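J.: Pasting query03.pdb here (PDB, C-alpha atoms):
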```pdb
ATOM      1  CA  MET A 167      12.495  -4.941   0.033
ATOM      2  CA  LYS A 168      11.958  -1.568   1.664
ATOM      3  CA  GLU A 169      15.261  -0.309   0.232
ATOM      4  CA  LEU A 170      13.643  -0.540  -3.202
ATOM      5  CA  ILE A 171      10.975   1.929  -2.046
ATOM      6  CA  ASP A 172      13.666   4.583  -1.525
ATOM      7  CA  ILE A 173      15.067   3.969  -5.023
ATOM      8  CA  PHE A 174      11.568   4.261  -6.514
ATOM      9  CA  LEU A 175      10.732   7.428  -4.570
ATOM     10  CA  ASP A 176      13.986   9.057  -5.682
ATOM     11  CA  TYR A 177      12.930   8.312  -9.255
ATOM     12  CA  LEU A 178       9.507   9.921  -8.672
ATOM     13  CA  ALA A 179      11.007  13.048  -7.121
ATOM     14  CA  VAL A 180      13.941  13.555  -9.497
ATOM     15  CA  GLU A 181      12.817  12.191 -12.859
ATOM     16  CA  ARG A 182       9.032  12.501 -12.640
ATOM     17  CA  GLY A 183       9.104  15.760 -10.664
ATOM     18  CA  LEU A 184       6.309  14.743  -8.289
ATOM     19  CA  SER A 185       5.697  16.980  -5.296
ATOM     20  CA  ARG A 186       7.068  16.248  -1.841
ATOM     21  CA  ASN A 187       3.558  15.639  -0.498
ATOM     22  CA  THR A 188       2.816  13.086  -3.237
ATOM     23  CA  VAL A 189       6.096  11.288  -2.582
ATOM     24  CA  ILE A 190       5.329  11.153   1.153
ATOM     25  CA  SER A 191       1.870   9.680   0.417
ATOM     26  CA  TYR A 192       3.396   7.044  -1.886
ATOM     27  CA  ARG A 193       5.920   6.129   0.800
ATOM     28  CA  GLN A 194       3.174   5.585   3.375
ATOM     29  CA  ASP A 195       1.145   3.472   0.936
ATOM     30  CA  LEU A 196       4.096   1.317  -0.089
ATOM     31  CA  VAL A 197       5.320   0.785   3.479
ATOM     32  CA  GLN A 198       1.864  -0.550   4.385
ATOM     33  CA  TYR A 199       2.002  -2.802   1.334
ATOM     34  CA  MET A 200       5.450  -4.128   2.323
ATOM     35  CA  ASP A 201       4.337  -4.756   5.904
ATOM     36  CA  PHE A 202       1.415  -6.784   4.568
ATOM     37  CA  LEU A 203       3.694  -8.849   2.310
ATOM     38  CA  GLU A 204       6.131  -9.506   5.151
ATOM     39  CA  SER A 205       3.273 -10.595   7.418
ATOM     40  CA  GLY A 206       2.498 -13.202   4.745
ATOM     41  CA  HIS A 207       6.128 -14.408   4.814
ATOM     42  CA  ILE A 208       6.974 -12.978   1.390
ATOM     43  CA  ASP A 209      10.588 -11.861   1.540
ATOM     44  CA  ALA A 210      11.204 -10.906  -2.108
ATOM     45  CA  LEU A 211       9.209  -8.862  -4.601
ATOM     46  CA  SER A 212       9.938 -11.474  -7.270
ATOM     47  CA  LYS A 213       7.598 -13.783  -5.311
ATOM     48  CA  VAL A 214       4.657 -11.364  -5.432
ATOM     49  CA  SER A 215       1.754 -12.421  -7.645
ATOM     50  CA  LYS A 216      -1.579 -10.885  -8.571
ATOM     51  CA  ASN A 217      -3.138 -12.813  -5.667
ATOM     52  CA  GLU A 218      -1.029 -11.058  -3.016
ATOM     53  CA  ILE A 219      -1.949  -7.621  -4.350
ATOM     54  CA  THR A 220      -5.639  -8.576  -4.459
ATOM     55  CA  ARG A 221      -5.443  -9.874  -0.881
ATOM     56  CA  PHE A 222      -3.841  -6.605   0.210
ATOM     57  CA  MET A 223      -6.719  -4.629  -1.333
ATOM     58  CA  LEU A 224      -9.299  -6.873   0.369
ATOM     59  CA  PHE A 225      -7.403  -6.514   3.650
ATOM     60  CA  GLN A 226      -7.636  -2.728   3.307
ATOM     61  CA  LYS A 227     -11.344  -2.967   2.513
ATOM     62  CA  ASP A 228     -11.949  -5.150   5.589
ATOM     63  CA  LYS A 229     -10.203  -2.505   7.712
ATOM     64  CA  GLY A 230     -12.785   0.015   6.538
ATOM     65  CA  ILE A 231     -10.448   1.992   4.279
ATOM     66  CA  ALA A 232     -12.380   4.109   1.767
ATOM     67  CA  ALA A 233     -12.488   2.960  -1.857
ATOM     68  CA  ASN A 234     -10.694   6.087  -3.114
ATOM     69  CA  SER A 235      -7.838   5.500  -0.640
ATOM     70  CA  ILE A 236      -7.538   1.872  -1.758
ATOM     71  CA  ALA A 237      -7.472   3.024  -5.378
ATOM     72  CA  ARG A 238      -4.670   5.485  -4.571
ATOM     73  CA  ARG A 239      -2.665   2.729  -2.896
ATOM     74  CA  LEU A 240      -3.197   0.472  -5.887
ATOM     75  CA  ALA A 241      -1.931   3.277  -8.139
ATOM     76  CA  ALA A 242       1.225   3.523  -6.014
ATOM     77  CA  ILE A 243       1.697  -0.269  -6.130
ATOM     78  CA  ARG A 244       1.233  -0.317  -9.914
ATOM     79  CA  MET A 245       3.774   2.444 -10.466
ATOM     80  CA  PHE A 246       6.193   0.681  -8.110
ATOM     81  CA  HIS A 247       5.964  -2.709  -9.850
ATOM     82  CA  ARG A 248       6.071  -1.103 -13.299
ATOM     83  CA  PHE A 249       9.268   0.707 -12.295
ATOM     84  CA  LEU A 250      10.829  -2.494 -10.925
ATOM     85  CA  ALA A 251       9.976  -4.419 -14.103
ATOM     86  CA  ARG A 252      11.401  -1.677 -16.324
ATOM     87  CA  GLU A 253      14.612  -1.628 -14.279
ATOM     88  CA  LYS A 254      14.814  -5.452 -14.611
ATOM     89  CA  ILE A 255      14.655  -5.857 -10.814
ATOM     90  CA  ILE A 256      11.679  -8.184 -11.274
ATOM     91  CA  ARG A 257      10.797 -10.204 -14.371
ATOM     92  CA  ASN A 258       7.056  -9.513 -14.598
ATOM     93  CA  ASP A 259       4.641  -6.871 -13.340
ATOM     94  CA  PRO A 260       2.040  -8.715 -11.196
ATOM     95  CA  SER A 261      -0.182  -5.635 -10.903
ATOM     96  CA  ASN A 262      -0.722  -5.362 -14.653
ATOM     97  CA  LEU A 263      -4.044  -7.235 -14.812
ATOM     98  CA  ILE A 264      -5.639  -5.967 -11.600
ATOM     99  CA  ASP A 265      -8.758  -3.840 -11.952
ATOM    100  CA  SER A 266      -9.189  -0.706  -9.864
ATOM    101  CA  PRO A 267     -11.931  -0.825  -7.235
ATOM    102  CA  LYS A 268     -15.093   0.867  -8.480
ATOM    103  CA  LEU A 269     -15.240   4.312  -6.956
ATOM    104  CA  TRP A 270     -18.300   6.231  -5.930
ATOM    105  CA  LYS A 271     -17.622   9.811  -6.864
ATOM    106  CA  LYS A 272     -17.958  11.793  -3.677
ATOM    107  CA  ILE A 273     -19.514  15.164  -4.269
ATOM    108  CA  PRO A 274     -17.182  17.702  -2.618
ATOM    109  CA  ASP A 275     -18.359  19.854   0.242
ATOM    110  CA  THR A 276     -18.872  23.498  -0.720
ATOM    111  CA  LEU A 277     -19.997  26.738   0.892
ATOM    112  CA  SER A 278     -22.979  28.786  -0.246
ATOM    113  CA  ALA A 279     -22.538  32.379  -1.412
ATOM    114  CA  GLU A 280     -23.819  33.562   1.984
ATOM    115  CA  GLU A 281     -21.430  31.289   3.876
ATOM    116  CA  ILE A 282     -18.411  32.350   1.851
ATOM    117  CA  GLU A 283     -19.257  36.034   2.440
ATOM    118  CA  ALA A 284     -19.531  35.381   6.192
ATOM    119  CA  LEU A 285     -16.212  33.517   6.191
ATOM    120  CA  LEU A 286     -14.371  36.260   4.311
ATOM    121  CA  ALA A 287     -15.827  38.942   6.591
ATOM    122  CA  ALA A 288     -14.813  37.120   9.793
ATOM    123  CA  PRO A 289     -11.144  38.282  10.169
ATOM    124  CA  ASN A 290     -10.695  41.480  12.167
ATOM    125  CA  LEU A 291      -8.871  43.871   9.833
ATOM    126  CA  ARG A 292      -7.818  46.080  12.755
ATOM    127  CA  LYS A 293      -5.452  43.303  13.787
ATOM    128  CA  LYS A 294      -2.284  42.437  11.874
ATOM    129  CA  GLN A 295      -3.090  38.745  11.874
ATOM    130  CA  GLY A 296      -6.646  39.427  10.714
ATOM    131  CA  SER A 297      -5.393  41.427   7.746
ATOM    132  CA  ARG A 298      -3.111  38.573   6.696
ATOM    133  CA  ASP A 299      -5.820  35.966   7.218
ATOM    134  CA  ARG A 300      -8.322  37.904   5.099
ATOM    135  CA  ALA A 301      -5.720  38.058   2.308
ATOM    136  CA  ILE A 302      -5.176  34.284   2.525
ATOM    137  CA  LEU A 303      -8.901  33.474   2.463
ATOM    138  CA  GLU A 304      -9.620  35.911  -0.370
ATOM    139  CA  THR A 305      -6.734  34.501  -2.435
ATOM    140  CA  LEU A 306      -7.828  30.900  -1.951
ATOM    141  CA  TYR A 307     -11.420  31.679  -2.929
ATOM    142  CA  ALA A 308     -10.462  33.979  -5.816
ATOM    143  CA  THR A 309      -8.089  31.488  -7.445
ATOM    144  CA  GLY A 310      -9.066  27.976  -6.355
ATOM    145  CA  MET A 311      -5.448  27.309  -5.394
ATOM    146  CA  ARG A 312      -4.590  24.295  -3.303
ATOM    147  CA  VAL A 313      -3.447  25.144   0.223
ATOM    148  CA  SER A 314      -0.073  23.542  -0.606
ATOM    149  CA  GLU A 315       0.239  25.959  -3.546
ATOM    150  CA  ALA A 316      -0.686  28.994  -1.460
ATOM    151  CA  VAL A 317       2.061  28.359   1.104
ATOM    152  CA  THR A 318       4.728  28.304  -1.642
ATOM    153  CA  LEU A 319       3.290  31.319  -3.482
ATOM    154  CA  LYS A 320       6.022  33.925  -3.857
ATOM    155  CA  LYS A 321       5.530  37.664  -3.621
ATOM    156  CA  ASP A 322       6.920  38.140  -7.132
ATOM    157  CA  ASP A 323       4.414  35.587  -8.493
ATOM    158  CA  VAL A 324       1.579  38.074  -7.911
ATOM    159  CA  ASN A 325       1.025  40.842 -10.449
ATOM    160  CA  MET A 326      -1.593  43.122  -8.983
ATOM    161  CA  ASP A 327      -1.367  45.657 -11.818
ATOM    162  CA  ILE A 328      -2.849  43.228 -14.349
ATOM    163  CA  GLY A 329      -4.628  41.042 -11.784
ATOM    164  CA  TYR A 330      -2.991  37.656 -12.230
ATOM    165  CA  LEU A 331      -0.825  35.317 -10.209
ATOM    166  CA  ARG A 332       1.581  32.593 -11.261
ATOM    167  CA  CYS A 333       1.038  29.271  -9.527
ATOM    168  CA  ILE A 334       3.311  26.225  -9.437
ATOM    169  CA  GLY A 335       1.118  23.156  -8.995
ATOM    170  CA  LYS A 336       1.431  19.378  -8.959
ATOM    171  CA  GLY A 337       4.260  17.958 -11.034
ATOM    172  CA  ASN A 338       5.924  21.389 -10.970
ATOM    173  CA  LYS A 339       3.446  22.562 -13.620
ATOM    174  CA  GLU A 340       2.916  26.291 -13.943
ATOM    175  CA  ARG A 341      -0.418  27.993 -14.515
ATOM    176  CA  VAL A 342      -1.625  31.599 -14.504
ATOM    177  CA  ILE A 343      -4.825  32.404 -12.613
ATOM    178  CA  PRO A 344      -6.823  35.674 -12.590
ATOM    179  CA  LEU A 345      -7.180  37.569  -9.305
ATOM    180  CA  GLY A 346     -10.365  39.427  -8.444
ATOM    181  CA  LYS A 347     -10.503  43.015  -7.157
ATOM    182  CA  LYS A 348     -11.385  41.952  -3.608
ATOM    183  CA  ALA A 349      -8.394  39.629  -3.395
ATOM    184  CA  ILE A 350      -6.073  42.313  -4.778
ATOM    185  CA  GLU A 351      -7.339  44.843  -2.222
ATOM    186  CA  SER A 352      -6.794  42.358   0.608
ATOM    187  CA  ILE A 353      -3.286  41.465  -0.546
ATOM    188  CA  LYS A 354      -2.315  45.146  -0.890
ATOM    189  CA  ARG A 355      -3.610  45.863   2.628
ATOM    190  CA  TYR A 356      -1.660  42.901   4.015
ATOM    191  CA  LEU A 357       1.558  43.860   2.169
ATOM    192  CA  SER A 358       1.485  47.441   3.411
ATOM    193  CA  SER A 359       0.861  46.581   7.050
ATOM    194  CA  SER A 360       0.956  43.079   8.500
ATOM    195  CA  ARG A 361       3.663  41.529   6.334
ATOM    196  CA  ILE A 362       6.129  44.340   6.987
ATOM    197  CA  SER A 363       5.457  44.036  10.718
ATOM    198  CA  PHE A 364       5.864  40.248  10.742
ATOM    199  CA  LEU A 365       9.176  40.380   8.838
ATOM    200  CA  LYS A 366      10.700  42.960  11.256
ATOM    201  CA  GLY A 367      13.095  44.286   8.633
ATOM    202  CA  ASN A 368      13.970  40.874   7.207
ATOM    203  CA  GLU A 369      13.238  39.623   3.697
ATOM    204  CA  SER A 370      11.162  36.671   2.487
ATOM    205  CA  GLU A 371      10.402  35.540  -1.043
ATOM    206  CA  PHE A 372       7.095  34.035   0.086
ATOM    207  CA  LEU A 373       3.910  36.070   0.003
ATOM    208  CA  PHE A 374       2.267  34.704   3.126
ATOM    209  CA  VAL A 375       4.388  34.624   6.277
ATOM    210  CA  SER A 376       3.798  33.680   9.885
ATOM    211  CA  ARG A 377       3.916  36.065  12.839
ATOM    212  CA  LEU A 378       7.587  35.068  13.196
ATOM    213  CA  GLY A 379       8.333  36.100   9.624
ATOM    214  CA  LYS A 380       8.699  32.533   8.318
ATOM    215  CA  LYS A 381       6.869  30.898   5.413
ATOM    216  CA  ILE A 382       3.399  29.999   6.634
ATOM    217  CA  SER A 383       2.620  26.271   6.889
ATOM    218  CA  ARG A 384      -0.254  24.243   5.461
ATOM    219  CA  GLN A 385      -1.327  23.388   9.000
ATOM    220  CA  SER A 386      -1.526  27.084   9.892
ATOM    221  CA  ILE A 387      -3.742  27.869   6.896
ATOM    222  CA  TRP A 388      -5.993  24.936   7.760
ATOM    223  CA  LYS A 389      -6.311  26.293  11.322
ATOM    224  CA  ILE A 390      -7.139  29.731   9.891
ATOM    225  CA  ILE A 391      -9.965  28.275   7.765
ATOM    226  CA  LYS A 392     -11.397  26.341  10.723
ATOM    227  CA  LYS A 393     -11.147  29.313  13.111
ATOM    228  CA  TYR A 394     -13.019  31.753  10.873
ATOM    229  CA  ALA A 395     -15.570  29.139   9.806
ATOM    230  CA  SER A 396     -16.334  28.715  13.508
ATOM    231  CA  ASP A 397     -16.498  32.501  13.981
ATOM    232  CA  ALA A 398     -18.875  32.721  11.009
ATOM    233  CA  LYS A 399     -21.015  29.951  12.577
ATOM    234  CA  ILE A 400     -20.601  27.671   9.561
ATOM    235  CA  LYS A 401     -21.787  24.221  10.650
ATOM    236  CA  LYS A 402     -20.815  22.250   7.542
ATOM    237  CA  PRO A 403     -18.015  19.675   7.778
ATOM    238  CA  LEU A 404     -14.809  21.326   6.635
ATOM    239  CA  ARG A 405     -12.075  19.914   4.416
ATOM    240  CA  PRO A 406      -8.758  21.604   3.547
ATOM    241  CA  HIS A 407      -9.894  22.039  -0.087
ATOM    242  CA  ILE A 408     -13.322  23.487   0.710
ATOM    243  CA  LEU A 409     -12.463  26.931  -0.717
ATOM    244  CA  ARG A 410     -11.076  25.290  -3.869
ATOM    245  CA  HIS A 411     -14.272  23.256  -4.260
ATOM    246  CA  THR A 412     -16.394  26.345  -3.611
ATOM    247  CA  PHE A 413     -14.435  28.380  -6.179
ATOM    248  CA  ALA A 414     -15.058  25.783  -8.912
ATOM    249  CA  THR A 415     -18.706  25.235  -8.008
ATOM    250  CA  HIS A 416     -19.558  28.942  -7.926
ATOM    251  CA  LEU A 417     -17.899  29.541 -11.301
ATOM    252  CA  LEU A 418     -19.816  26.702 -12.958
ATOM    253  CA  GLU A 419     -23.079  27.766 -11.334
ATOM    254  CA  ARG A 420     -22.665  31.186 -12.915
ATOM    255  CA  GLY A 421     -21.995  29.863 -16.407
ATOM    256  CA  ALA A 422     -18.206  29.364 -16.614
ATOM    257  CA  ASP A 423     -17.162  26.725 -19.141
ATOM    258  CA  LEU A 424     -15.634  23.498 -17.885
ATOM    259  CA  ARG A 425     -12.362  23.862 -19.816
ATOM    260  CA  SER A 426     -11.620  27.267 -18.275
ATOM    261  CA  VAL A 427     -12.298  25.956 -14.781
ATOM    262  CA  GLN A 428     -10.085  22.937 -15.509
ATOM    263  CA  GLU A 429      -7.232  25.248 -16.525
ATOM    264  CA  MET A 430      -7.591  27.444 -13.442
ATOM    265  CA  LEU A 431      -7.684  24.424 -11.111
ATOM    266  CA  GLY A 432      -4.697  22.818 -12.834
ATOM    267  CA  HIS A 433      -6.444  19.488 -13.465
ATOM    268  CA  ALA A 434      -4.601  17.302 -15.974
ATOM    269  CA  ASN A 435      -7.821  15.486 -16.868
ATOM    270  CA  ILE A 436     -11.173  17.197 -17.408
ATOM    271  CA  SER A 437     -12.951  14.222 -15.814
ATOM    272  CA  THR A 438     -11.554  15.434 -12.488
ATOM    273  CA  THR A 439     -13.192  18.821 -13.046
ATOM    274  CA  GLN A 440     -16.506  17.250 -14.068
ATOM    275  CA  ILE A 441     -17.190  16.214 -10.461
ATOM    276  CA  TYR A 442     -18.282  19.816  -9.880
ATOM    277  CA  THR A 443     -21.067  19.485 -12.436
ATOM    278  CA  HIS A 444     -22.548  16.797 -10.172
ATOM    279  CA  VAL A 445     -22.765  19.368  -7.390
ATOM    280  CA  ASN A 446     -25.064  21.496  -9.549
ATOM    281  CA  LYS A 447     -27.211  18.484 -10.436
ATOM    282  CA  GLU A 448     -27.572  17.506  -6.778
ATOM    283  CA  ARG A 449     -28.533  21.071  -5.882
ATOM    284  CA  LEU A 450     -31.154  21.175  -8.634
ATOM    285  CA  LYS A 451     -32.536  17.877  -7.388
ATOM    286  CA  LEU A 452     -32.901  19.262  -3.855
ATOM    287  CA  VAL A 453     -34.650  22.389  -5.153
ATOM    288  CA  HIS A 454     -37.008  20.229  -7.194
ATOM    289  CA  GLN A 455     -37.830  18.012  -4.215
ATOM    290  CA  LYS A 456     -38.423  21.011  -1.989
ATOM    291  CA  PHE A 457     -40.614  23.115  -4.273
ATOM    292  CA  HIS A 458     -42.279  20.828  -6.799
ATOM    293  CA  PRO A 459     -45.897  20.035  -5.835
ATOM    294  CA  ARG A 460     -45.403  16.356  -6.694
ATOM    295  CA  PRO A 461     -41.743  15.635  -5.827
TER     296      PRO A 461
END
```
Mind turning the file's structure into structure tokens?
T.:
Amino acid sequence: MKELIDIFLDYLAVERGLSRNTVISYRQDLVQYMDFLESGHIDALSKVSKNEITRFMLFQKDKGIAANSIARRLAAIRMFHRFLAREKIIRNDPSNLIDSPKLWKKIPDTLSAEEIEALLAAPNLRKKQGSRDRAILETLYATGMRVSEAVTLKKDDVNMDIGYLRCIGKGNKERVIPLGKKAIESIKRYLSSSRISFLKGNESEFLFVSRLGKKISRQSIWKIIKKYASDAKIKKPLRPHILRHTFATHLLERGADLRSVQEMLGHANISTTQIYTHVNKERLKLVHQKFHPRP
């Protein structure tokens, strides 16, 4: 059965154009699903019914897996069975009538204006690495890019004369995002000093490079965020997308319209962007509770 996963994932990568990270996540989800089926002595996908899929979801819930993770795994299972049915590998799609688990929308963690200023000021610009790190942090906050998009950002994708960058996001979709003056200044400083030093005479198409002159990794950027958050004495729990969440929240707080923020974030569905409006409502509620004489 697991051979069919490889066929399905090839289809996702080649025909659907899904990103490598998405394909890896789907593989992990489907391998867990297959292991569960095999533990129940099911040796063919033609024998899978709605009941087995439901039991798998309940098994995940009993393990303490979060509802949003279970929903993602169900989405992978649905796509997998739909593909198999379309390719006539199985007769019917057993996942067709299964409802998604009800999800509680988790309000994303964000930084305050004071915290973001402290974070951006933390790198030491007298050091080559500090100059690069400031440029990375400023770019992430200025554009709301995903970390995975920042690591593949190419030098030629940034037009500092007009203040825009070209970003290739999920599903290989392209979008153009404005760059602020602070981010442009930081990138120019990095290009004229640190990047040249890191490359040691070599060339790289990627904007952000490691100290060895290679394309920087997602893990390295995540370490950079955590390091400077610690230096800035930010106590909030950190997530890899915290600068992306902060970018969207700060724009909406200052009157940006939802459609524009959706376009800059690269969300296919505006309902995904609407989660940030809940952040504002929660903040207003806290202010009301704190200052109203009869909260």
J.: Could you name the residues that touch region 298-308 of chain A at 7 Å or less, counting only C-alpha atoms, but leaving out those on the same chain fewer than 5 positions away, as a list in words?
T.: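 The residues satisfying every condition are Leu286, Pro289, Leu345, Gly346, Ala349, Ser352, Ile353, Tyr356, Ser360, Ile390, Leu409, Arg410 and Phe413 of chain A.
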J.: Taking the file as shown, find all residues satisfying the PyMOL selection byres ((chain A and resi 191) around 12) and write them as a list of chain:residue names.
T.: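 So the PyMOL selection byres ((chain A and resi 191) around 12) ends up selecting A:Leu175, A:Leu178, A:Leu184, A:Ser185, A:Arg186, A:Asn187, A:Thr188, A:Val189, A:Ile190, A:Tyr192, A:Arg193, A:Gln194, A:Asp195, A:Leu196, A:Val197, A:Gln198, A:Ser235, A:Arg238, A:Arg239, A:Ala241, A:Ala242, A:Ile243.
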J.: Dump C-alpha atoms for the selected residues as a PDB file, in the coordinates of the input?
T.:
```pdb
ATOM      1  CA  LEU A 175      10.732   7.428  -4.570  1.00  0.00           C
ATOM      2  CA  LEU A 178       9.507   9.921  -8.672  1.00  0.00           C
ATOM      3  CA  LEU A 184       6.309  14.743  -8.289  1.00  0.00           C
ATOM      4  CA  SER A 185       5.697  16.980  -5.296  1.00  0.00           C
ATOM      5  CA  ARG A 186       7.068  16.248  -1.841  1.00  0.00           C
ATOM      6  CA  ASN A 187       3.558  15.639  -0.498  1.00  0.00           C
ATOM      7  CA  THR A 188       2.816  13.086  -3.237  1.00  0.00           C
ATOM      8  CA  VAL A 189       6.096  11.288  -2.582  1.00  0.00           C
ATOM      9  CA  ILE A 190       5.329  11.153   1.153  1.00  0.00           C
ATOM     10  CA  TYR A 192       3.396   7.044  -1.886  1.00  0.00           C
ATOM     11  CA  ARG A 193       5.920   6.129   0.800  1.00  0.00           C
ATOM     12  CA  GLN A 194       3.174   5.585   3.375  1.00  0.00           C
ATOM     13  CA  ASP A 195       1.145   3.472   0.936  1.00  0.00           C
ATOM     14  CA  LEU A 196       4.096   1.317  -0.089  1.00  0.00           C
ATOM     15  CA  VAL A 197       5.320   0.785   3.479  1.00  0.00           C
ATOM     16  CA  GLN A 198       1.864  -0.550   4.385  1.00  0.00           C
ATOM     17  CA  SER A 235      -7.838   5.500  -0.640  1.00  0.00           C
ATOM     18  CA  ARG A 238      -4.670   5.485  -4.571  1.00  0.00           C
ATOM     19  CA  ARG A 239      -2.665   2.729  -2.896  1.00  0.00           C
ATOM     20  CA  ALA A 241      -1.931   3.277  -8.139  1.00  0.00           C
ATOM     21  CA  ALA A 242       1.225   3.523  -6.014  1.00  0.00           C
ATOM     22  CA  ILE A 243       1.697  -0.269  -6.130  1.00  0.00           C
TER      23      ILE A 243
END
```
J.: Counting only C-alpha atoms, which of A:Leu378, A:Ala279, A:Ala251, A:Leu319 gets nearest to Glu419 (chain A)?
T.: A:Ala279
J.: Work out how far apart CA of Val313 (chain A) and CA of Ser370 (chain A) are and give it in Å to one decimal.
T.: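 So the answer is 18.7 Å.
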J.: Run the PyMOL selection byres ((chain A and resi 405) around 12) against the file shown and list the residues it catches, as number ranges by chain.
T.: A: 274-277, 312-313, 387-389, 391-392, 395, 402-404, 406-412
J.: As an exercise, work out the distance from CA of Thr443 (chain A) to CA of His416 (chain A) in Å and give it to one decimal place.
T.: 10.6 Å
